[in-house]
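The next block is target_19.txt, given as compact mmCIF, C-alpha atoms.
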# COMPACT_ATOMS: atom_id res chain seq x y z
CA MET A 1 -18.01 -19.97 28.65
CA ASN A 2 -18.96 -18.36 25.38
CA LEU A 3 -16.98 -15.17 24.79
CA ASP A 4 -20.00 -13.53 23.15
CA SER A 5 -21.74 -13.54 26.51
CA LEU A 6 -19.21 -10.98 27.79
CA ILE A 7 -20.33 -8.44 25.19
CA PRO A 8 -23.38 -6.38 26.21
CA ALA A 9 -26.48 -7.19 24.18
CA PRO A 10 -26.68 -3.81 22.36
CA LEU A 11 -23.10 -4.27 21.08
CA ARG A 12 -23.56 -7.78 19.71
CA LYS A 13 -23.98 -8.32 16.01
CA PRO A 14 -27.47 -9.44 15.08
CA ALA A 15 -27.75 -13.15 14.36
CA LYS A 16 -28.52 -14.35 10.89
CA PRO A 17 -31.95 -15.85 10.18
CA GLY A 18 -32.13 -19.41 11.43
CA GLU A 19 -29.18 -19.08 13.86
CA ASN A 20 -31.21 -18.41 16.97
CA GLY A 21 -31.78 -22.12 17.65
CA PRO A 22 -34.82 -24.29 17.18
CA THR A 23 -38.22 -22.78 17.58
CA LYS A 24 -40.10 -23.36 20.76
CA GLY A 25 -42.68 -26.11 20.48
CA ALA A 26 -44.47 -28.63 22.61
CA ALA A 27 -42.54 -30.24 25.46
CA PRO A 28 -41.30 -33.81 24.86
CA ALA A 29 -43.68 -36.54 25.96
CA ASP A 30 -41.15 -38.26 28.25
CA LEU A 31 -40.64 -35.25 30.59
CA LYS A 32 -43.22 -36.64 33.05
CA THR A 33 -41.67 -40.09 33.17
CA THR A 34 -37.99 -39.03 33.07
CA PRO A 35 -37.71 -35.41 34.29
CA PRO A 36 -34.35 -33.67 33.80
CA GLU A 37 -31.88 -33.76 36.65
CA ARG A 38 -31.93 -30.66 38.84
CA PRO A 39 -28.59 -28.84 39.04
CA SER A 40 -26.74 -28.98 42.32
CA ASP A 41 -26.01 -25.96 44.49
CA ALA A 42 -22.37 -25.98 43.44
CA LYS A 43 -23.33 -25.93 39.75
CA ARG A 44 -25.74 -23.05 40.31
CA LEU A 45 -23.06 -21.08 42.15
CA GLY A 46 -20.62 -21.81 39.33
CA ASP A 47 -23.09 -20.56 36.73
CA LYS A 48 -23.68 -17.39 38.74
CA ALA A 49 -19.91 -16.86 39.03
CA LYS A 50 -19.56 -17.16 35.25
CA GLU A 51 -22.32 -14.59 34.74
CA ALA A 52 -20.88 -12.15 37.31
CA PRO A 53 -18.67 -10.23 34.78
CA VAL A 54 -21.61 -9.85 32.41
CA ASP A 55 -23.85 -8.63 35.24
CA ALA A 56 -21.17 -6.16 36.32
CA LEU A 57 -20.85 -4.78 32.79
CA ALA A 58 -24.62 -4.50 32.51
CA TRP A 59 -24.77 -2.69 35.87
CA ILE A 60 -22.14 -0.19 34.73
CA ASP A 61 -23.79 0.27 31.34
CA GLN A 62 -27.17 1.03 32.88
CA ARG A 63 -25.65 3.81 34.97
CA THR A 64 -23.26 5.31 32.42
CA ALA A 65 -25.23 4.81 29.17
CA ALA A 66 -21.92 4.07 27.46
CA THR A 67 -23.40 1.62 24.97
CA GLY A 68 -24.34 4.32 22.48
CA PHE A 69 -20.84 5.82 22.45
CA LEU A 70 -19.14 2.42 22.23
CA THR A 71 -21.46 1.37 19.41
CA GLY A 72 -20.60 4.52 17.46
CA LEU A 73 -16.89 4.07 18.16
CA LEU A 74 -16.63 0.37 17.31
CA TYR A 75 -19.15 0.07 14.48
CA ARG A 76 -18.79 3.44 12.78
CA LYS A 77 -18.45 3.55 9.02
CA VAL A 78 -15.07 4.31 7.48
CA PRO A 79 -14.60 5.82 4.03
CA LYS A 80 -13.49 3.83 1.03
CA GLY A 81 -9.73 3.79 0.55
CA THR A 82 -8.83 3.90 4.25
CA ASN A 83 -5.21 2.77 4.69
CA TRP A 84 -2.35 2.71 7.19
CA PHE A 85 -2.07 6.51 7.18
CA TYR A 86 -5.25 6.57 9.26
CA THR A 87 -3.56 4.68 12.12
CA LEU A 88 -1.19 7.55 12.97
CA GLY A 89 -3.70 9.06 15.39
CA SER A 90 -4.17 5.75 17.21
CA ALA A 91 -0.39 5.27 17.30
CA THR A 92 0.02 8.72 18.87
CA LEU A 93 -2.63 7.88 21.48
CA PHE A 94 -0.82 4.61 22.28
CA ALA A 95 2.47 6.53 22.64
CA PHE A 96 0.82 8.94 25.09
CA ILE A 97 -0.56 6.05 27.16
CA ALA A 98 2.90 4.49 27.27
CA GLN A 99 4.36 7.83 28.40
CA ALA A 100 1.73 8.17 31.13
CA VAL A 101 2.26 4.63 32.46
CA THR A 102 6.06 4.80 32.47
CA GLY A 103 5.94 8.33 33.92
CA VAL A 104 3.91 7.12 36.90
CA PHE A 105 6.50 4.44 37.71
CA LEU A 106 9.37 6.90 37.33
CA ALA A 107 7.65 9.40 39.63
CA MET A 108 7.66 6.78 42.40
CA PHE A 109 11.48 6.98 42.61
CA TYR A 110 12.23 10.49 41.29
CA THR A 111 12.98 13.39 43.64
CA PRO A 112 12.45 16.89 42.17
CA SER A 113 15.38 18.49 44.01
CA THR A 114 18.48 20.13 42.61
CA THR A 115 20.67 18.08 44.97
CA GLN A 116 18.89 14.74 44.54
CA ALA A 117 17.35 14.74 41.04
CA TYR A 118 20.42 13.38 39.24
CA ALA A 119 21.08 10.86 42.01
CA SER A 120 17.48 9.60 41.82
CA ILE A 121 17.78 9.12 38.05
CA SER A 122 21.03 7.19 38.59
CA HIS A 123 19.28 5.09 41.24
CA ILE A 124 16.45 4.30 38.79
CA ASN A 125 18.86 3.25 36.05
CA ASN A 126 21.28 1.26 38.22
CA ASP A 127 19.41 -0.13 41.22
CA VAL A 128 15.66 -0.34 40.53
CA PHE A 129 14.38 -3.54 38.92
CA LEU A 130 13.72 -2.80 35.21
CA GLY A 131 14.33 0.87 36.00
CA SER A 132 16.67 1.40 33.06
CA PHE A 133 14.14 -0.24 30.73
CA VAL A 134 11.25 1.94 31.96
CA HIS A 135 13.37 5.09 31.86
CA GLY A 136 14.51 4.25 28.33
CA MET A 137 10.90 3.71 27.21
CA HIS A 138 9.91 7.09 28.66
CA LYS A 139 12.94 8.90 27.24
CA TRP A 140 12.74 7.55 23.71
CA GLY A 141 8.95 7.36 23.79
CA SER A 142 8.80 11.14 24.04
CA SER A 143 10.65 11.45 20.73
CA VAL A 144 8.40 8.80 19.18
CA MET A 145 5.28 10.67 20.31
CA VAL A 146 6.54 13.96 18.85
CA ILE A 147 7.31 12.29 15.51
CA LEU A 148 3.94 10.52 15.39
CA ILE A 149 1.91 13.63 16.17
CA PHE A 150 3.76 15.57 13.44
CA LEU A 151 3.04 12.77 10.96
CA HIS A 152 -0.61 12.67 12.05
CA MET A 153 -0.98 16.44 11.61
CA GLY A 154 0.73 16.24 8.22
CA ARG A 155 -1.64 13.48 7.08
CA THR A 156 -4.61 15.52 8.25
CA PHE A 157 -3.40 18.60 6.36
CA PHE A 158 -2.51 16.90 3.07
CA PHE A 159 -5.74 14.86 3.09
CA GLY A 160 -7.78 18.02 3.62
CA ALA A 161 -9.34 16.67 6.83
CA TYR A 162 -9.16 20.12 8.47
CA LYS A 163 -11.93 21.56 6.31
CA TYR A 164 -15.61 21.95 7.12
CA PRO A 165 -17.05 20.59 9.36
CA ARG A 166 -13.84 19.51 11.11
CA GLU A 167 -12.21 22.90 11.78
CA LEU A 168 -12.69 22.60 15.56
CA ASN A 169 -11.04 19.19 15.58
CA TRP A 170 -8.09 20.68 13.69
CA VAL A 171 -7.75 23.44 16.31
CA ILE A 172 -7.81 20.82 19.08
CA GLY A 173 -5.11 18.88 17.22
CA VAL A 174 -2.92 21.99 17.02
CA LEU A 175 -3.32 22.51 20.76
CA LEU A 176 -2.37 18.87 21.36
CA LEU A 177 0.75 19.39 19.23
CA VAL A 178 1.77 22.45 21.27
CA LEU A 179 1.14 20.63 24.56
CA THR A 180 3.18 17.65 23.38
CA LEU A 181 6.14 19.88 22.60
CA ALA A 182 5.72 21.64 25.95
CA MET A 183 5.68 18.31 27.77
CA ALA A 184 8.87 17.23 26.01
CA PHE A 185 10.48 20.58 26.87
CA THR A 186 9.58 20.49 30.58
CA GLY A 187 10.62 16.86 30.92
CA TYR A 188 14.06 17.51 29.45
CA LEU A 189 15.20 19.41 32.57
CA LEU A 190 14.15 16.77 35.12
CA PRO A 191 17.42 14.71 35.10
CA PHE A 192 19.15 18.01 36.03
CA ASP A 193 22.52 17.14 34.58
CA GLN A 194 24.82 19.54 32.75
CA ARG A 195 23.29 18.91 29.34
CA SER A 196 19.66 19.29 30.42
CA PHE A 197 20.46 22.34 32.58
CA TRP A 198 22.20 24.40 29.89
CA ALA A 199 19.83 23.26 27.15
CA SER A 200 16.92 24.48 29.28
CA VAL A 201 18.70 27.79 29.87
CA VAL A 202 19.04 28.29 26.12
CA ALA A 203 15.42 27.30 25.47
CA VAL A 204 14.04 29.62 28.14
CA ASN A 205 16.15 32.50 26.81
CA ILE A 206 14.80 31.84 23.32
CA ASN A 207 11.26 32.07 24.72
CA GLY A 208 12.22 35.36 26.36
CA THR A 209 13.00 36.92 22.98
CA GLY A 210 9.37 36.62 21.87
CA PRO A 211 7.37 39.84 21.35
CA VAL A 212 5.30 41.26 24.24
CA LEU A 213 4.69 37.98 26.12
CA GLY A 214 8.20 36.54 25.70
CA PRO A 215 9.83 38.06 28.83
CA TYR A 216 6.81 37.22 31.00
CA LEU A 217 6.80 33.63 29.72
CA ALA A 218 10.52 33.26 30.46
CA ASP A 219 10.06 34.58 34.00
CA PHE A 220 7.13 32.21 34.54
CA LEU A 221 9.15 29.20 33.38
CA ARG A 222 12.21 30.12 35.45
CA ALA A 223 10.07 30.99 38.50
CA GLY A 224 12.49 33.84 39.06
CA PRO A 225 15.36 35.71 37.44
CA GLU A 226 17.59 32.63 37.07
CA LEU A 227 17.13 28.92 36.52
CA GLY A 228 17.40 27.07 39.84
CA ALA A 229 15.61 24.93 42.42
CA THR A 230 12.22 26.62 41.98
CA THR A 231 12.51 26.16 38.22
CA LEU A 232 12.92 22.41 38.63
CA SER A 233 9.86 22.20 40.90
CA ARG A 234 7.80 24.26 38.45
CA PHE A 235 8.87 22.16 35.47
CA TYR A 236 8.06 18.98 37.39
CA ALA A 237 4.55 20.23 38.32
CA ILE A 238 3.84 21.34 34.75
CA HIS A 239 5.21 18.11 33.30
CA MET A 240 3.40 15.75 35.69
CA LEU A 241 0.09 17.53 36.44
CA LEU A 242 -0.84 20.48 34.24
CA ILE A 243 0.02 19.28 30.74
CA PRO A 244 -1.12 15.63 31.07
CA GLY A 245 -4.49 16.74 32.45
CA ALA A 246 -4.99 19.16 29.57
CA ILE A 247 -3.92 16.51 27.04
CA ILE A 248 -6.37 13.94 28.44
CA ALA A 249 -9.25 16.44 28.26
CA LEU A 250 -8.41 17.46 24.69
CA ILE A 251 -7.98 13.84 23.58
CA GLY A 252 -11.49 13.10 24.89
CA ALA A 253 -12.92 16.02 22.92
CA HIS A 254 -10.88 15.01 19.86
CA LEU A 255 -12.16 11.42 19.89
CA TYR A 256 -15.74 12.59 20.42
CA LEU A 257 -15.57 14.79 17.31
CA VAL A 258 -13.94 12.01 15.30
CA VAL A 259 -16.84 9.67 16.14
CA LYS A 260 -19.40 12.43 15.67
CA LEU A 261 -18.15 13.77 12.32
CA GLY A 262 -16.44 10.68 10.90
CA THR A 263 -13.26 10.61 8.84
CA THR A 264 -12.54 11.91 5.37
CA ALA A 265 -11.69 9.76 2.38
CA PRO A 266 -8.23 10.00 0.79
CA PRO A 267 -7.96 12.78 -1.81
CA TRP A 268 -7.37 10.29 -4.63
CA ILE A 269 -10.74 8.62 -4.00
CA ARG A 270 -13.49 10.38 -5.91
CA ALA A 271 -17.04 10.16 -4.73
CA GLU A 272 -19.40 8.37 -7.07
CA LYS A 273 -22.00 10.60 -8.62
CA PRO A 274 -25.54 9.70 -7.63
CA LYS A 275 -27.62 8.19 -10.36
CA VAL A 276 -30.25 10.57 -11.67
CA ALA A 277 -33.54 9.22 -12.94
CA ALA A 278 -34.37 9.88 -16.57
CA PRO A 279 -36.80 12.78 -17.04
CA VAL A 280 -40.41 11.81 -17.71
CA ARG A 281 -41.73 13.05 -21.03
CA GLU A 282 -44.94 14.94 -21.01
CA LEU A 283 -47.38 13.33 -23.44
CA PRO A 284 -50.69 14.77 -24.61
CA ALA A 285 -53.81 13.13 -23.32
CA GLY A 286 -54.80 10.01 -25.22
CA VAL A 287 -51.26 9.20 -26.45
CA GLU A 288 -49.20 6.25 -25.12
CA GLY A 289 -45.48 6.23 -24.41
CA ASN A 290 -44.60 4.99 -27.94
CA GLY A 291 -46.48 7.87 -29.59
CA ALA A 292 -49.38 5.72 -30.79
CA ALA A 293 -52.96 6.37 -29.92
CA PRO A 294 -54.45 3.94 -27.41
CA THR A 295 -56.38 1.04 -28.90
CA SER A 296 -59.82 0.22 -27.68

Could you write out this file's structure as structure tokens?
Amino acid sequence: MNLDSLIPAPLRKPAKPGENGPTKGAAPADLKTTPPERPSDAKRLGDKAKEAPVDALAWIDQRTAATGFLTGLLYRKVPKGTNWFYTLGSATLFAFIAQAVTGVFLAMFYTPSTTQAYASISHINNDVFLGSFVHGMHKWGSSVMVILIFLHMGRTFFFGAYKYPRELNWVIGVLLLVLTLAMAFTGYLLPFDQRSFWASVVAVNINGTGPVLGPYLADFLRAGPELGATTLSRFYAIHMLLIPGAIIALIGAHLYLVVKLGTTAPPWIRAEKPKVAAPVRELPAGVEGNGAAPTS
């Protein structure tokens, strides 16, 4: 089966002239004497089975109208001088997807309880098939995501991509940075060992020293006067439900604005000045362009 048939028609590249096959003409003269063999029922069912994925995609596209967005996302123009620095955003998105997938598998075996949290983490690392590998990906992937989003924000700042008309996208990026740090902070307590417990105590106390809202924020994070069982449940709910949902929504808005507004060129690439037509000289009536009088 041709792979191009899996791509919806609006997303396919237009064929070059002469590549659409031979032009339709008169039928061959021997069709009446030797008609083509009719396909069997099994062959027709096989052809329909091959076309089923394409029909399913067409059915979904007709009801979601996603072709326009996909066309703008896949075939959008990129500025001259685009390099590997522009892949930091995609790398951050990939890191978030990896965190979400590994987090789902870890949540299947984790118990958010002060008496069973550490034992469940030990069970994941020692008894569950590939549990140590998945836990390691989630643990170190959080650091990778934080590093990547800082690099992406730095590239955006130094390239001047936060300026008009992309200020709103910059604000969304700052919110994504804050939510990423908050997700790393809330996830650090979940193993509930000595290191994560006392590190979370110090971090919450630091938040409590903030002006005006600091004490209220510390009480909200602790879910009480001291860090305990309710704190672990609150951190788990924030880490698994609240922050990922907000990140997914903001990523959708971020990608929409990227497609809508495009990307900026690197600062060392200067835009070419448009060519200006030479001014037309005004000549008196009866005089040609070379200054001579017209000949009769």

Hey, what's within 9 Å of range 146-150 of chain A if we count all atoms listed in the file and toss same-chain stuff fewer than 3 positions away? As a tab-separated table (two decimals) with C-alpha atoms, keeping the file's coordinate frame, please?
chain	number	residue	atom	x	y	z
A	88	LEU	CA	-1.19	7.55	12.97
A	89	GLY	CA	-3.70	9.06	15.39
A	91	ALA	CA	-0.39	5.27	17.30
A	92	THR	CA	0.02	8.72	18.87
A	95	ALA	CA	2.47	6.53	22.64
A	141	GLY	CA	8.95	7.36	23.79
A	142	SER	CA	8.80	11.14	24.04
A	143	SER	CA	10.65	11.45	20.73
A	153	MET	CA	-0.98	16.44	11.61
A	154	GLY	CA	0.73	16.24	8.22
A	155	ARG	CA	-1.64	13.48	7.08
A	173	GLY	CA	-5.11	18.88	17.22
A	176	LEU	CA	-2.37	18.87	21.36
A	177	LEU	CA	0.75	19.39	19.23
A	180	THR	CA	3.18	17.65	23.38
A	181	LEU	CA	6.14	19.88	22.60
A	184	ALA	CA	8.87	17.23	26.01

Check your understanding: For Phe197 in chain A, which residue among A:Val178, A:Val128, A:Met145, A:Ala117 is the nearest when counting all atoms listed in the file?
Key ->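 Of A:Val178, A:Val128, A:Met145, A:Ala117, the one nearest Phe197 in chain A is A:Ala117, counting all atoms listed in the file.
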
Practice item. Name the residues in contact with Pro79 in chain A at a cut-off of 12 Å, using all atoms listed in the file, excluding same-chain residues fewer than 5 positions from it; report them as an MDAnalysis selection string. Key: chainID A and resid 86 262:267 269:271

Check your understanding: For Phe235 in chain A, which residue out of A:Phe129, A:Trp59, A:Tyr75, A:Tyr188 is the nearest one, using all atoms listed in the file?
Key ->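 Ranking A:Phe129, A:Trp59, A:Tyr75, A:Tyr188 by distance to Phe235 in chain A, first place goes to A:Tyr188.
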
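With all atoms listed in the file as the basis for measurement, A:Leu151 is the residue among A:Val174, A:Val54, A:Leu151, A:Leu106 that approaches Thr87 in chain A most closely.
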
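Across A:Val204, A:Pro36, A:Leu227, A:Ile248, the tightest approach to Leu179 in chain A is made by A:Ile248 when counting all atoms listed in the file.
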